[in-house]
$ cat upload.tsv   # TSV, C-alpha atoms
chain	number	residue	atom	x	y	z
A	55	MET	CA	103.99	-225.00	18.06
A	56	GLU	CA	106.74	-223.40	15.96
A	57	LYS	CA	108.90	-226.44	16.69
A	58	TYR	CA	106.38	-228.75	15.02
A	59	LEU	CA	104.41	-226.73	12.46
A	60	SER	CA	105.81	-225.42	9.18
A	61	TYR	CA	103.70	-223.33	6.79
A	62	SER	CA	104.03	-222.95	3.04
A	63	THR	CA	104.59	-219.38	1.85
A	64	GLU	CA	101.11	-219.33	0.28
A	65	VAL	CA	99.38	-220.43	3.49
A	66	GLN	CA	101.47	-218.13	5.68
A	67	GLU	CA	100.56	-215.13	3.53
A	68	ALA	CA	96.88	-216.14	3.47
A	69	MET	CA	96.76	-216.35	7.27
A	70	ALA	CA	98.56	-213.02	7.69
A	71	GLN	CA	96.00	-211.40	5.37
A	72	GLY	CA	93.02	-213.11	7.04
A	73	LYS	CA	92.05	-215.10	3.95
A	74	PRO	CA	90.01	-218.32	4.18
A	75	VAL	CA	92.14	-221.51	4.21
A	76	VAL	CA	90.96	-225.05	3.42
A	77	ALA	CA	92.82	-228.11	4.73
A	78	LEU	CA	93.44	-231.13	2.47
A	79	GLU	CA	94.64	-234.57	3.52
A	80	SER	CA	97.65	-236.36	2.02
A	81	THR	CA	96.60	-240.02	2.35
A	82	ILE	CA	94.64	-239.62	-0.86
A	83	ILE	CA	97.98	-238.75	-2.57
A	84	SER	CA	100.14	-241.52	-1.12
A	85	HIS	CA	97.60	-244.32	-0.60
A	86	GLY	CA	94.57	-243.32	-2.66
A	87	MET	CA	95.79	-243.40	-6.25
A	88	PRO	CA	98.88	-244.18	-8.33
A	89	TYR	CA	101.61	-241.75	-9.42
A	90	PRO	CA	101.45	-239.46	-11.42
A	91	GLN	CA	97.64	-239.34	-11.25
A	92	ASN	CA	97.82	-238.62	-7.51
A	93	VAL	CA	99.97	-235.49	-7.90
A	94	LYS	CA	97.94	-234.27	-10.90
A	95	THR	CA	94.70	-234.66	-8.93
A	96	ALA	CA	96.15	-232.96	-5.85
A	97	ARG	CA	97.23	-229.96	-7.93
A	98	GLU	CA	93.82	-229.76	-9.63
A	99	VAL	CA	91.98	-229.89	-6.30
A	100	GLU	CA	94.22	-227.15	-4.89
A	101	GLN	CA	93.48	-224.99	-7.94
A	102	ILE	CA	89.71	-225.51	-7.58
A	103	ILE	CA	89.95	-224.18	-4.03
A	104	ARG	CA	91.87	-221.10	-5.25
A	105	ASP	CA	89.35	-220.56	-8.06
A	106	ASN	CA	86.57	-220.48	-5.45
A	107	GLY	CA	88.16	-217.82	-3.28
A	108	ALA	CA	90.11	-219.78	-0.66
A	109	VAL	CA	93.69	-220.97	-0.16
A	110	PRO	CA	94.54	-224.71	-0.09
A	111	ALA	CA	96.68	-226.24	2.67
A	112	THR	CA	97.64	-229.84	1.90
A	113	ILE	CA	98.90	-231.36	5.15
A	114	ALA	CA	101.66	-233.98	5.51
A	115	ILE	CA	104.46	-235.06	7.88
A	116	ILE	CA	107.88	-234.35	6.35
A	117	ASP	CA	111.28	-234.36	8.08
A	118	GLY	CA	109.97	-234.10	11.64
A	119	LYS	CA	107.48	-231.31	10.88
A	120	ILE	CA	103.75	-231.01	10.27
A	121	LYS	CA	103.65	-229.22	6.93
A	122	ILE	CA	100.62	-226.97	6.56
A	123	GLY	CA	100.61	-226.49	2.81
A	124	LEU	CA	103.07	-228.19	0.45
A	125	SER	CA	105.26	-226.54	-2.16
A	126	ASP	CA	105.07	-227.87	-5.70
A	127	GLU	CA	108.37	-229.72	-5.18
A	128	GLU	CA	107.18	-231.24	-1.88
A	129	LEU	CA	103.95	-232.39	-3.50
A	130	GLU	CA	105.88	-234.07	-6.32
A	131	MET	CA	108.34	-235.71	-3.90
A	132	PHE	CA	105.56	-236.87	-1.60
A	133	GLY	CA	103.43	-238.32	-4.38
A	134	ASN	CA	106.40	-240.21	-5.84
A	135	SER	CA	107.79	-241.65	-2.56
A	136	GLN	CA	107.56	-245.30	-1.56
A	137	GLY	CA	106.68	-246.58	1.91
A	138	VAL	CA	104.96	-243.42	3.17
A	139	ALA	CA	103.39	-244.16	6.57
A	140	LYS	CA	99.65	-243.70	7.02
A	141	ALA	CA	99.30	-241.29	9.94
A	142	SER	CA	96.39	-241.20	12.36
A	143	ARG	CA	96.28	-239.67	15.87
A	144	ARG	CA	98.32	-242.50	17.43
A	145	ASP	CA	101.13	-242.13	14.87
A	146	LEU	CA	101.80	-238.39	14.79
A	147	GLY	CA	104.27	-238.19	17.70
A	148	TYR	CA	106.25	-241.21	16.50
A	149	LEU	CA	106.49	-240.06	12.87
A	150	ILE	CA	107.62	-236.58	13.90
A	151	ALA	CA	110.22	-237.99	16.33
A	152	THR	CA	111.62	-240.45	13.77
A	153	LYS	CA	111.40	-237.93	10.88
A	154	GLN	CA	109.53	-240.35	8.65
A	155	LEU	CA	107.25	-239.33	5.81
A	156	GLY	CA	103.64	-239.48	6.96
A	157	ALA	CA	100.42	-239.13	4.99
A	158	THR	CA	97.64	-237.72	7.14
A	159	THR	CA	94.31	-239.53	7.35
A	160	VAL	CA	91.04	-237.69	8.09
A	161	ALA	CA	91.71	-237.90	11.85
A	162	ALA	CA	95.32	-236.67	11.65
A	163	THR	CA	94.44	-233.92	9.15
A	164	MET	CA	91.75	-232.66	11.54
A	165	ILE	CA	94.27	-232.52	14.40
A	166	CYS	CA	96.85	-230.67	12.32
A	167	ALA	CA	94.27	-228.27	10.86
A	168	ASP	CA	93.01	-227.50	14.37
A	169	LEU	CA	96.58	-226.80	15.57
A	170	ALA	CA	96.94	-224.35	12.68
A	171	GLY	CA	93.55	-222.72	13.32
A	172	ILE	CA	91.99	-224.03	10.08
A	173	ARG	CA	88.30	-224.86	10.52
A	174	VAL	CA	87.32	-226.30	7.11
A	175	PHE	CA	88.71	-229.53	5.64
A	176	VAL	CA	87.90	-231.16	2.29
A	177	THR	CA	88.29	-234.90	1.70
A	178	GLY	CA	86.72	-237.74	-0.30
A	179	GLY	CA	84.90	-239.77	2.35
A	180	ILE	CA	85.22	-240.26	6.09
A	181	GLY	CA	86.12	-243.55	7.74
A	182	GLY	CA	83.53	-245.15	9.97
A	183	VAL	CA	82.23	-248.32	11.56
A	184	HIS	CA	83.32	-251.31	9.47
A	185	ARG	CA	80.88	-254.04	8.53
A	186	GLY	CA	81.06	-256.75	11.17
A	187	ALA	CA	82.39	-254.30	13.79
A	188	GLU	CA	80.16	-255.92	16.43
A	189	THR	CA	82.72	-258.75	16.49
A	190	THR	CA	85.92	-257.07	15.23
A	191	MET	CA	85.56	-253.67	17.00
A	192	ASP	CA	86.96	-252.17	13.77
A	193	ILE	CA	85.94	-248.51	14.02
A	194	SER	CA	87.84	-245.70	12.33
A	195	ALA	CA	89.63	-243.14	14.51
A	196	ASP	CA	88.02	-240.52	12.24
A	197	LEU	CA	84.78	-240.80	14.23
A	198	GLU	CA	86.39	-240.18	17.62
A	199	GLU	CA	88.26	-237.21	16.13
A	200	LEU	CA	85.01	-235.76	14.83
A	201	ALA	CA	83.68	-235.99	18.38
A	202	GLN	CA	86.44	-233.85	19.87
A	203	THR	CA	88.17	-231.67	17.25
A	204	ASP	CA	86.66	-228.41	15.98
A	205	VAL	CA	86.99	-228.92	12.23
A	206	ALA	CA	84.20	-229.26	9.65
A	207	VAL	CA	84.76	-232.13	7.19
A	208	ILE	CA	83.28	-231.73	3.72
A	209	CYS	CA	82.97	-235.21	2.19
A	210	ALA	CA	80.81	-237.40	-0.03
A	211	GLY	CA	79.55	-239.27	3.04
A	212	ALA	CA	81.13	-242.39	4.49
A	213	LYS	CA	83.00	-244.80	2.23
A	214	SER	CA	80.41	-247.26	0.96
A	215	ILE	CA	82.55	-250.25	2.02
A	216	LEU	CA	81.53	-249.37	5.62
A	217	ASP	CA	78.39	-249.93	7.68
A	218	ILE	CA	76.79	-246.53	7.06
A	219	GLY	CA	73.91	-247.10	9.50
A	220	LEU	CA	76.22	-247.88	12.42
A	221	THR	CA	78.52	-245.01	11.42
A	222	LEU	CA	75.59	-242.59	11.71
A	223	GLU	CA	74.57	-244.11	15.06
A	224	TYR	CA	78.11	-243.62	16.39
A	225	LEU	CA	78.21	-240.00	15.24
A	226	GLU	CA	74.82	-239.33	16.81
A	227	THR	CA	76.00	-240.77	20.15
A	228	LYS	CA	79.03	-238.47	20.01
A	229	GLY	CA	76.90	-235.42	19.20
A	230	VAL	CA	78.44	-234.85	15.78
A	231	PRO	CA	76.08	-233.04	13.37
A	232	VAL	CA	75.80	-234.72	9.97
A	233	VAL	CA	74.44	-232.18	7.51
A	234	GLY	CA	73.14	-233.24	4.11
A	235	TYR	CA	74.31	-230.63	1.60
A	236	GLY	CA	71.34	-230.34	-0.74
A	237	THR	CA	70.15	-233.80	0.30
A	238	ASP	CA	67.94	-235.48	2.91
A	239	THR	CA	69.78	-238.82	2.84
A	240	MET	CA	73.34	-239.84	3.62
A	241	PRO	CA	75.42	-240.04	0.44
A	242	ALA	CA	77.35	-243.28	0.06
A	243	PHE	CA	80.55	-242.06	-1.60
A	244	TYR	CA	80.18	-243.62	-5.09
A	245	THR	CA	76.40	-243.09	-5.06
A	246	ARG	CA	74.32	-239.99	-4.32
A	247	SER	CA	72.12	-241.56	-1.67
A	248	SER	CA	71.66	-244.45	0.73
A	249	GLU	CA	68.75	-245.88	2.68
A	250	PHE	CA	69.67	-243.70	5.68
A	251	GLY	CA	67.87	-240.39	6.15
A	252	LEU	CA	69.46	-237.32	7.73
A	253	THR	CA	67.75	-234.92	10.14
A	254	LEU	CA	69.89	-231.90	9.18
A	255	ARG	CA	70.03	-230.28	5.73
A	256	ALA	CA	71.67	-227.16	4.30
A	257	ASP	CA	71.27	-225.88	0.74
A	258	ASP	CA	73.93	-223.17	0.77
A	259	ALA	CA	77.37	-222.41	2.20
A	260	THR	CA	76.14	-219.54	4.40
A	261	THR	CA	73.80	-221.83	6.36
A	262	VAL	CA	76.65	-224.26	7.05
A	263	ALA	CA	79.00	-221.42	8.07
A	264	GLU	CA	76.44	-219.93	10.46
A	265	MET	CA	75.78	-223.37	11.99
A	266	LEU	CA	79.51	-223.92	12.58
A	267	ARG	CA	79.92	-220.45	14.09
A	268	ALA	CA	76.96	-220.98	16.46
A	269	LYS	CA	78.09	-224.48	17.44
A	270	TRP	CA	81.61	-223.44	18.36
A	271	GLU	CA	80.65	-220.13	19.98
A	272	LEU	CA	78.30	-222.13	22.23
A	273	GLY	CA	81.33	-224.17	23.33
A	274	LEU	CA	80.03	-227.37	21.71
A	275	LYS	CA	83.26	-229.25	21.07
A	276	GLY	CA	83.83	-231.41	18.03
A	277	GLY	CA	83.57	-231.27	14.29
A	278	ALA	CA	80.76	-231.61	11.79
A	279	VAL	CA	80.22	-233.79	8.74
A	280	ILE	CA	79.01	-231.89	5.68
A	281	ALA	CA	77.81	-234.70	3.44
A	282	ASN	CA	77.92	-233.49	-0.16
A	283	PRO	CA	76.70	-236.07	-2.73
A	284	ILE	CA	78.77	-236.97	-5.77
A	285	GLN	CA	77.35	-235.26	-8.85
A	286	GLU	CA	74.77	-237.18	-10.88
A	287	ALA	CA	77.00	-237.46	-13.97
A	288	ASP	CA	79.83	-239.05	-11.95
A	289	ALA	CA	77.79	-241.33	-9.66
A	290	MET	CA	77.83	-245.11	-10.02
A	291	GLU	CA	74.75	-247.33	-10.17
A	292	GLU	CA	73.79	-248.37	-6.63
A	293	SER	CA	73.10	-252.10	-7.15
A	294	PHE	CA	76.22	-252.45	-9.32
A	295	ILE	CA	78.64	-250.95	-6.79
A	296	ASN	CA	76.98	-252.68	-3.81
A	297	GLY	CA	77.32	-256.07	-5.50
A	298	ILE	CA	81.02	-255.44	-6.09
A	299	ILE	CA	81.54	-254.35	-2.47
A	300	GLU	CA	79.83	-257.51	-1.16
A	301	SER	CA	82.06	-259.67	-3.36
A	302	ALA	CA	85.21	-257.82	-2.25
A	303	LEU	CA	84.21	-258.15	1.43
A	304	GLU	CA	83.83	-261.92	1.03
A	305	GLU	CA	87.31	-262.08	-0.55
A	306	ALA	CA	88.82	-260.01	2.28
A	307	SER	CA	87.24	-262.31	4.87
A	308	ALA	CA	88.43	-265.45	3.05
A	309	ASN	CA	91.99	-264.08	3.02
A	310	ASN	CA	91.91	-263.01	6.70
A	311	ILE	CA	92.45	-259.37	5.81
A	312	ALA	CA	91.63	-257.25	8.87
A	313	GLY	CA	92.23	-253.94	10.64
A	314	LYS	CA	93.88	-251.09	8.77
A	315	ASP	CA	94.53	-253.38	5.75
A	316	VAL	CA	90.82	-253.70	4.98
A	317	THR	CA	90.25	-250.23	3.47
A	318	PRO	CA	93.18	-250.24	0.98
A	319	PHE	CA	92.36	-253.85	0.01
A	320	MET	CA	88.69	-252.99	-0.52
A	321	LEU	CA	89.36	-249.82	-2.51
A	322	GLY	CA	91.88	-251.72	-4.66
A	323	LYS	CA	89.42	-254.54	-5.36
A	324	VAL	CA	86.60	-252.12	-6.13
A	325	LYS	CA	88.85	-250.25	-8.58
A	326	GLU	CA	89.87	-253.54	-10.23
A	327	MET	CA	86.30	-254.88	-10.46
A	328	THR	CA	84.89	-251.61	-11.81
A	329	GLU	CA	87.73	-251.42	-14.37
A	330	GLY	CA	88.91	-248.10	-12.95
A	331	LYS	CA	85.50	-246.40	-12.90
A	332	SER	CA	85.57	-246.16	-9.09
A	333	LEU	CA	88.85	-244.17	-9.24
A	334	ASP	CA	87.29	-241.76	-11.75
A	335	ALA	CA	84.30	-241.33	-9.42
A	336	ASN	CA	86.65	-240.81	-6.45
A	337	ILE	CA	88.53	-238.02	-8.24
A	338	ALA	CA	85.29	-236.36	-9.41
A	339	LEU	CA	83.73	-236.33	-5.93
A	340	VAL	CA	86.85	-234.85	-4.30
A	341	LYS	CA	86.82	-232.03	-6.87
A	342	ASN	CA	83.12	-231.44	-6.21
A	343	ASN	CA	83.79	-231.33	-2.45
A	344	ALA	CA	86.60	-228.81	-3.05
A	345	VAL	CA	84.16	-226.37	-4.66
A	346	ILE	CA	81.68	-226.60	-1.77
A	347	GLY	CA	84.42	-226.62	0.88
A	348	ALA	CA	85.99	-223.44	-0.49
A	349	GLN	CA	82.57	-221.74	-0.58
A	350	ILE	CA	81.94	-222.75	3.07
A	351	ALA	CA	85.40	-221.50	4.12
A	352	VAL	CA	84.75	-218.15	2.42
A	353	ALA	CA	81.32	-217.83	4.09
A	354	TYR	CA	82.74	-218.84	7.50
A	355	ASN	CA	85.58	-216.33	7.13
A	356	LYS	CA	83.08	-213.49	6.60
$ encode --input "upload.tsv" --output "structure tokens"
Amino acid sequence: MEKYLSYSTEVQEAMAQGKPVVALESTIISHGMPYPQNVKTAREVEQIIRDNGAVPATIAIIDGKIKIGLSDEELEMFGNSQGVAKASRRDLGYLIATKQLGATTVAATMICADLAGIRVFVTGGIGGVHRGAETTMDISADLEELAQTDVAVICAGAKSILDIGLTLEYLETKGVPVVGYGTDTMPAFYTRSSEFGLTLRADDATTVAEMLRAKWELGLKGGAVIANPIQEADAMEESFINGIIESALEEASANNIAGKDVTPFMLGKVKEMTEGKSLDANIALVKNNAVIGAQIAVAYNK
């Protein structure tokens, strides 16, 4: 793996000393928000993880290497670069071979974290089954990765532009535990709850850590979704955001926007129609997930 993996000094030292490490994706930097807000947010999220006793490892593809942890200069360069490729499982080999810049999605970040032996990963929301997938077959590679890669994903649920019910059905079929963190219902990214109940709940980091340890020691392959609701003060009103999503979906359909273009289009439209409030909520929920993710990593490390 030395040929392909490159560690930041901070991460290398943390691993040598047996400290807990938390993986972070880079798509949120390159495709999730504009510069310089993206770099500022990435630095703040990394600091939150440090403040809660763990070490952050932002993952990206740079110059033919999987970078596990970015230096301050790399983070700045990455956040300010144009035409960064969005990397999922299918893209990793190609981007490494061609030495292109690649921003890791949930699926790719899970793969890279697993290669580096990192078991806890913090993100905003997972991908899932898209609305209308019964005809388009548009299902995120994140779900298949969760079925086979041993990394826990701390998120604010599935992005609310998706079909959350079908996403949960898919995860159940694949045997992926979805744990409500302090909640009995699936959070819907911008809102704290949805109409979909969860069968698993944990109210503290130790319970999650012990579940992960037992799962993997039993040889049960695959990850876990730790669904941590956005905080009340940052959440958006359910009927308001759902109305905007419906309107944006109709516009996407009318303009024949499909496949991997749907998510960035939808997130852009939602940001525009909420006058930027959705971006504020997105940043707040990632920071909230970073706190819980670091606590889980610390508990798991013990």
$ atom_distance --input "upload.tsv" --atom1 "CA of Ile350 in chain A" --atom2 "CA of Ala256 in chain A"
11.2 Å
$ closest_atom_pairs --input "upload.tsv" --of "range 113-213 of chain A" --to "range 276-296 of chain A" --cutoff "7 Å" --atoms "all atoms listed in the file" --output "Markdown table"
| residue | atom | partner | partner_atom | distance |
| --- | --- | --- | --- | --- |
| A:Leu200 | CA | A:Gly277 | CA | 4.7 |
| A:Ala201 | CA | A:Gly276 | CA | 4.6 |
| A:Gln202 | CA | A:Gly276 | CA | 4.0 |
| A:Thr203 | CA | A:Gly276 | CA | 4.4 |
| A:Asp204 | CA | A:Gly277 | CA | 4.5 |
| A:Val205 | CA | A:Gly277 | CA | 4.6 |
| A:Ala206 | CA | A:Ala278 | CA | 4.7 |
| A:Val207 | CA | A:Val279 | CA | 5.1 |
| A:Ile208 | CA | A:Ile280 | CA | 4.7 |
| A:Cys209 | CA | A:Ala281 | CA | 5.3 |
| A:Ala210 | CA | A:Asn282 | CA | 4.9 |
| A:Gly211 | CA | A:Ala281 | CA | 4.9 |
$ residues_around --input "upload.tsv" --residues "Gly178 in chain A" --least-positions-apart "2" --cutoff "12 Å" --atoms "all atoms listed in the file" --output "JSON, numbers by chain"
{"A": [78, 79, 80, 81, 82, 83, 86, 96, 99, 159, 160, 175, 176, 180, 181, 207, 208, 209, 210, 211, 212, 213, 214, 241, 242, 243, 244, 279, 280, 281, 282, 283, 284, 333, 335, 336, 337, 338, 339, 340, 341, 342, 343, 344, 347]}
$ atom_distance --input "upload.tsv" --atom1 "CA of Asp257 in chain A" --atom2 "CA of Val233 in chain A"
9.8 Å
$ atom_distance --input "upload.tsv" --atom1 "CA of Thr317 in chain A" --atom2 "CA of Ile346 in chain A"
25.7 Å
$ closest_residue --input "upload.tsv" --among "A:Glu300, A:Asp168, A:Glu67, A:Glu127" --to "Ile215 in chain A" --atoms "all atoms listed in the file"
A:Glu300
$ residues_around --input "upload.tsv" --residues "Ala70 in chain A" --least-positions-apart "6" --cutoff "12 Å" --atoms "only C-alpha atoms" --output "ChimeraX atom specification"
/A:61,63-64
$ residues_near_point --input "upload.tsv" --point "(78.3, -253.6, 14.1)" --cutoff "12 Å" --atoms "only C-alpha atoms" --output "PyMOL selection string"
chain A and resi 182-193+216-224
$ residues_around --input "upload.tsv" --residues "range 249-254 of chain A" --least-positions-apart "6" --cutoff "6 Å" --atoms "all atoms listed in the file" --output "NGL selection string"
:A and (233 or 238-240)
$ closest_residue --input "upload.tsv" --among "A:Gly229, A:Gly147, A:Pro90, A:Gly156" --to "Ile116 in chain A" --atoms "only C-alpha atoms"
A:Gly156
$ residues_around --input "upload.tsv" --residues "Ala151 in chain A" --least-positions-apart "4" --cutoff "10 Å" --atoms "all atoms listed in the file" --output "PyMOL selection string"
chain A and resi 117-119+146-147
$ closest_residue --input "upload.tsv" --among "A:Asn106, A:Gln101, A:Thr158, A:Gln91" --to "Pro74 in chain A" --atoms "only C-alpha atoms"
A:Asn106
$ closest_residue --input "upload.tsv" --among "A:Asn134, A:Leu274, A:Val76, A:Val230" --to "Ile102 in chain A" --atoms "only C-alpha atoms"
A:Val76
